[in-house]
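**Student:** Have a look at this one.
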Amino acid sequence: MTPTMKVRRLVAGAASAGLLAGGAALGLSGTASAAPAPASVTSTVTHDNDHRHHDRCVWKKGHWDKRWVPGHWEKKQVHHKTWHKGDGKHGHSHKGHWDHDRHYKWVYVPAHWDHYWVKGHWDCHHR
């Protein structure tokens, strides 16, 4: 009884595989006869999504643009130059020198226009 069950399973598996392959081929042939064959899969996907809007898309090259930045607080580095006078103690004279001090300070930056780079992109107007 075991060999006949194996044969039945083999025949049932082959029949179901044949039906699946035939159904897939039949489905593809129905689609192919209903619509023209596309050049590639990606063109089909974009064609299906944007077939009514392709004439409204324009390529915009990269460019500098302006945006309004409201006033805000920033932590900025502040430079201080201090002059230290020379002295003439003990018979040796020392020249004066500048000392450069740097530290960070919170500074309020008023509202202003700022320039930023916009990458090239497709601009599509859907109405």
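In the structure tokens, chains take letters A, B, ... by order of appearance, with residues numbered from 1 within each chain and ligands from 1 in the order shown.
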Just want the 12 Å neighbourhood of Asp87 in chain A, counted on only C-alpha atoms, with same-chain residues fewer than 5 positions away dropped. Output as a PDB file with N, CA, C and O atoms, in the first residue's frame.
**Tutor:**
```
ATOM      1  N   HIS A  92      66.232  94.193  32.694  1.00  0.00           N
ATOM      2  CA  HIS A  92      65.865  93.563  31.412  1.00  0.00           C
ATOM      3  C   HIS A  92      64.557  94.159  30.935  1.00  0.00           C
ATOM      4  O   HIS A  92      63.597  94.227  31.685  1.00  0.00           O
ATOM      5  N   SER A  93      64.536  94.562  29.705  1.00  0.00           N
ATOM      6  CA  SER A  93      63.281  95.088  29.190  1.00  0.00           C
ATOM      7  C   SER A  93      62.608  94.012  28.336  1.00  0.00           C
ATOM      8  O   SER A  93      63.250  93.307  27.556  1.00  0.00           O
ATOM      9  N   HIS A  94      61.332  93.868  28.534  1.00  0.00           N
ATOM     10  CA  HIS A  94      60.519  92.919  27.766  1.00  0.00           C
ATOM     11  C   HIS A  94      59.535  93.711  26.931  1.00  0.00           C
ATOM     12  O   HIS A  94      58.899  94.643  27.410  1.00  0.00           O
ATOM     13  N   LYS A  95      59.439  93.304  25.682  1.00  0.00           N
ATOM     14  CA  LYS A  95      58.481  93.959  24.794  1.00  0.00           C
ATOM     15  C   LYS A  95      57.067  93.526  25.166  1.00  0.00           C
ATOM     16  O   LYS A  95      56.847  92.445  25.704  1.00  0.00           O
ATOM     17  N   GLY A  96      56.125  94.379  24.837  1.00  0.00           N
ATOM     18  CA  GLY A  96      54.727  94.014  25.026  1.00  0.00           C
ATOM     19  C   GLY A  96      54.297  92.993  23.964  1.00  0.00           C
ATOM     20  O   GLY A  96      54.965  92.776  22.956  1.00  0.00           O
ATOM     21  N   HIS A  97      53.148  92.340  24.204  1.00  0.00           N
ATOM     22  CA  HIS A  97      52.669  91.341  23.238  1.00  0.00           C
ATOM     23  C   HIS A  97      51.139  91.261  23.281  1.00  0.00           C
ATOM     24  O   HIS A  97      50.497  91.665  24.245  1.00  0.00           O
TER      25      HIS A  97
END
```
**Student:** Using only C-alpha atoms, which residues sit within 9 Å of Gln77 in chain A once same-chain residues fewer than 2 positions away are excluded, as a PyMOL selection string?
**Tutor:** chain A and resi 75+79+102-106
**Student:** Using only C-alpha atoms, which of A:His112, A:His84, A:Lys119, A:Lys61 sits nearest His100 in chain A?
**Tutor:** A:His84
**Student:** Skip Trp68 in chain A itself and residues of its chain fewer than 2 positions away, then list as number ranges by chain all residues within 8 Å of it, counting only C-alpha atoms.
**Tutor:** A: 66, 70, 111-114
**Student:** Would you write out those residues with all heavy atoms, as a short mmCIF file (atom, residue, chain, number, x, y, z; two decimals), in the first residue's frame?
**Tutor:**
```
data_model
loop_
_atom_site.label_atom_id
_atom_site.label_comp_id
_atom_site.auth_asym_id
_atom_site.auth_seq_id
_atom_site.Cartn_x
_atom_site.Cartn_y
_atom_site.Cartn_z
N LYS A 66 17.15 80.85 -1.47
CA LYS A 66 17.14 81.60 -0.22
C LYS A 66 15.98 81.14 0.64
O LYS A 66 14.93 80.76 0.14
CB LYS A 66 16.99 83.10 -0.49
CG LYS A 66 18.17 83.73 -1.12
CD LYS A 66 18.14 85.24 -1.11
CE LYS A 66 16.83 85.88 -1.38
NZ LYS A 66 16.90 87.33 -1.49
N PRO A 70 14.22 82.53 11.11
CA PRO A 70 13.82 83.40 12.22
C PRO A 70 14.96 83.57 13.22
O PRO A 70 15.91 82.79 13.24
CB PRO A 70 12.63 82.66 12.84
CG PRO A 70 12.76 81.26 12.39
CD PRO A 70 13.51 81.28 11.09
N ALA A 111 16.78 87.59 12.91
CA ALA A 111 16.24 86.94 11.70
C ALA A 111 16.99 87.44 10.47
O ALA A 111 17.39 88.59 10.39
CB ALA A 111 14.75 87.24 11.59
N HIS A 112 17.18 86.52 9.51
CA HIS A 112 17.95 86.87 8.31
C HIS A 112 17.64 85.89 7.18
O HIS A 112 17.04 84.85 7.40
CB HIS A 112 19.46 86.83 8.62
CG HIS A 112 19.93 85.49 9.08
ND1 HIS A 112 19.77 85.07 10.38
CD2 HIS A 112 20.53 84.47 8.42
CE1 HIS A 112 20.26 83.85 10.51
NE2 HIS A 112 20.72 83.45 9.33
N TRP A 113 18.04 86.27 5.98
CA TRP A 113 17.95 85.37 4.82
C TRP A 113 19.20 84.52 4.79
O TRP A 113 20.30 85.00 5.04
CB TRP A 113 17.84 86.16 3.52
CG TRP A 113 16.51 86.80 3.33
CD1 TRP A 113 16.18 88.09 3.57
CD2 TRP A 113 15.32 86.16 2.86
NE1 TRP A 113 14.86 88.31 3.28
CE2 TRP A 113 14.31 87.14 2.84
CE3 TRP A 113 15.01 84.87 2.46
CZ2 TRP A 113 13.01 86.86 2.44
CZ3 TRP A 113 13.72 84.60 2.05
CH2 TRP A 113 12.74 85.57 2.03
N ASP A 114 19.04 83.23 4.45
CA ASP A 114 20.17 82.32 4.38
C ASP A 114 20.13 81.60 3.04
O ASP A 114 19.05 81.27 2.53
CB ASP A 114 20.11 81.31 5.53
CG ASP A 114 21.42 80.61 5.76
OD1 ASP A 114 22.42 81.01 5.13
OD2 ASP A 114 21.45 79.67 6.55
#
```
**Student:** To one decimal in Å, tell me the separation between CA of Asp101 in chain A and CA of Trp73 in chain A.
**Tutor:**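 Between CA of Asp101 in chain A and CA of Trp73 in chain A the gap works out to 22.0 Å.
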**Student:** I'd like the interatomic distance between CA of Lys60 in chain A and CA of Trp122 in chain A, to a tenth of an Å.
**Tutor:** 6.1 Å
**Student:** Do you have the CA of His115 in chain A-CA of Val58 in chain A distance handy?
**Tutor:** 23.1 Å
**Student:** Could you check the closest approach to Asp123 in chain A for each of A:Lys81, A:His72, A:Lys6, A:Arg56 and tell me which residue wins, using only C-alpha atoms?
**Tutor:** A:Arg56
**Student:** Residues within 7 Å of Asp65 in chain A, please, as a PyMOL selection string. Count only C-alpha atoms; anything in the same chain fewer than 5 positions from it doesn't count.
**Tutor:** chain A and resi 115-118
**Student:** For the residues selected in the previous step, produce a file with N, CA and C atoms as a tab-separated table (two decimals), in the first residue's frame.
**Tutor:**
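Below is the file part.tsv, written as the result:
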```tsv
chain	number	residue	atom	x	y	z
A	115	HIS	N	21.29	81.36	2.44
A	115	HIS	CA	21.38	80.63	1.17
A	115	HIS	C	21.66	79.16	1.45
A	116	TYR	N	21.00	78.27	0.71
A	116	TYR	CA	21.24	76.84	0.83
A	116	TYR	C	21.15	76.20	-0.55
A	117	TRP	N	21.82	75.05	-0.72
A	117	TRP	CA	21.90	74.36	-2.01
A	117	TRP	C	20.75	73.38	-2.15
A	118	VAL	N	20.05	73.45	-3.28
A	118	VAL	CA	18.97	72.52	-3.60
A	118	VAL	C	19.49	71.58	-4.68
```
**Student:** Looking at A:Tyr108, A:Gly86, A:Asp99, A:Cys57, which one is nearest to Glu74 in chain A, with distances taken over only C-alpha atoms?
**Tutor:**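 Of the candidates, the smallest distance to Glu74 in chain A is held by A:Tyr108.
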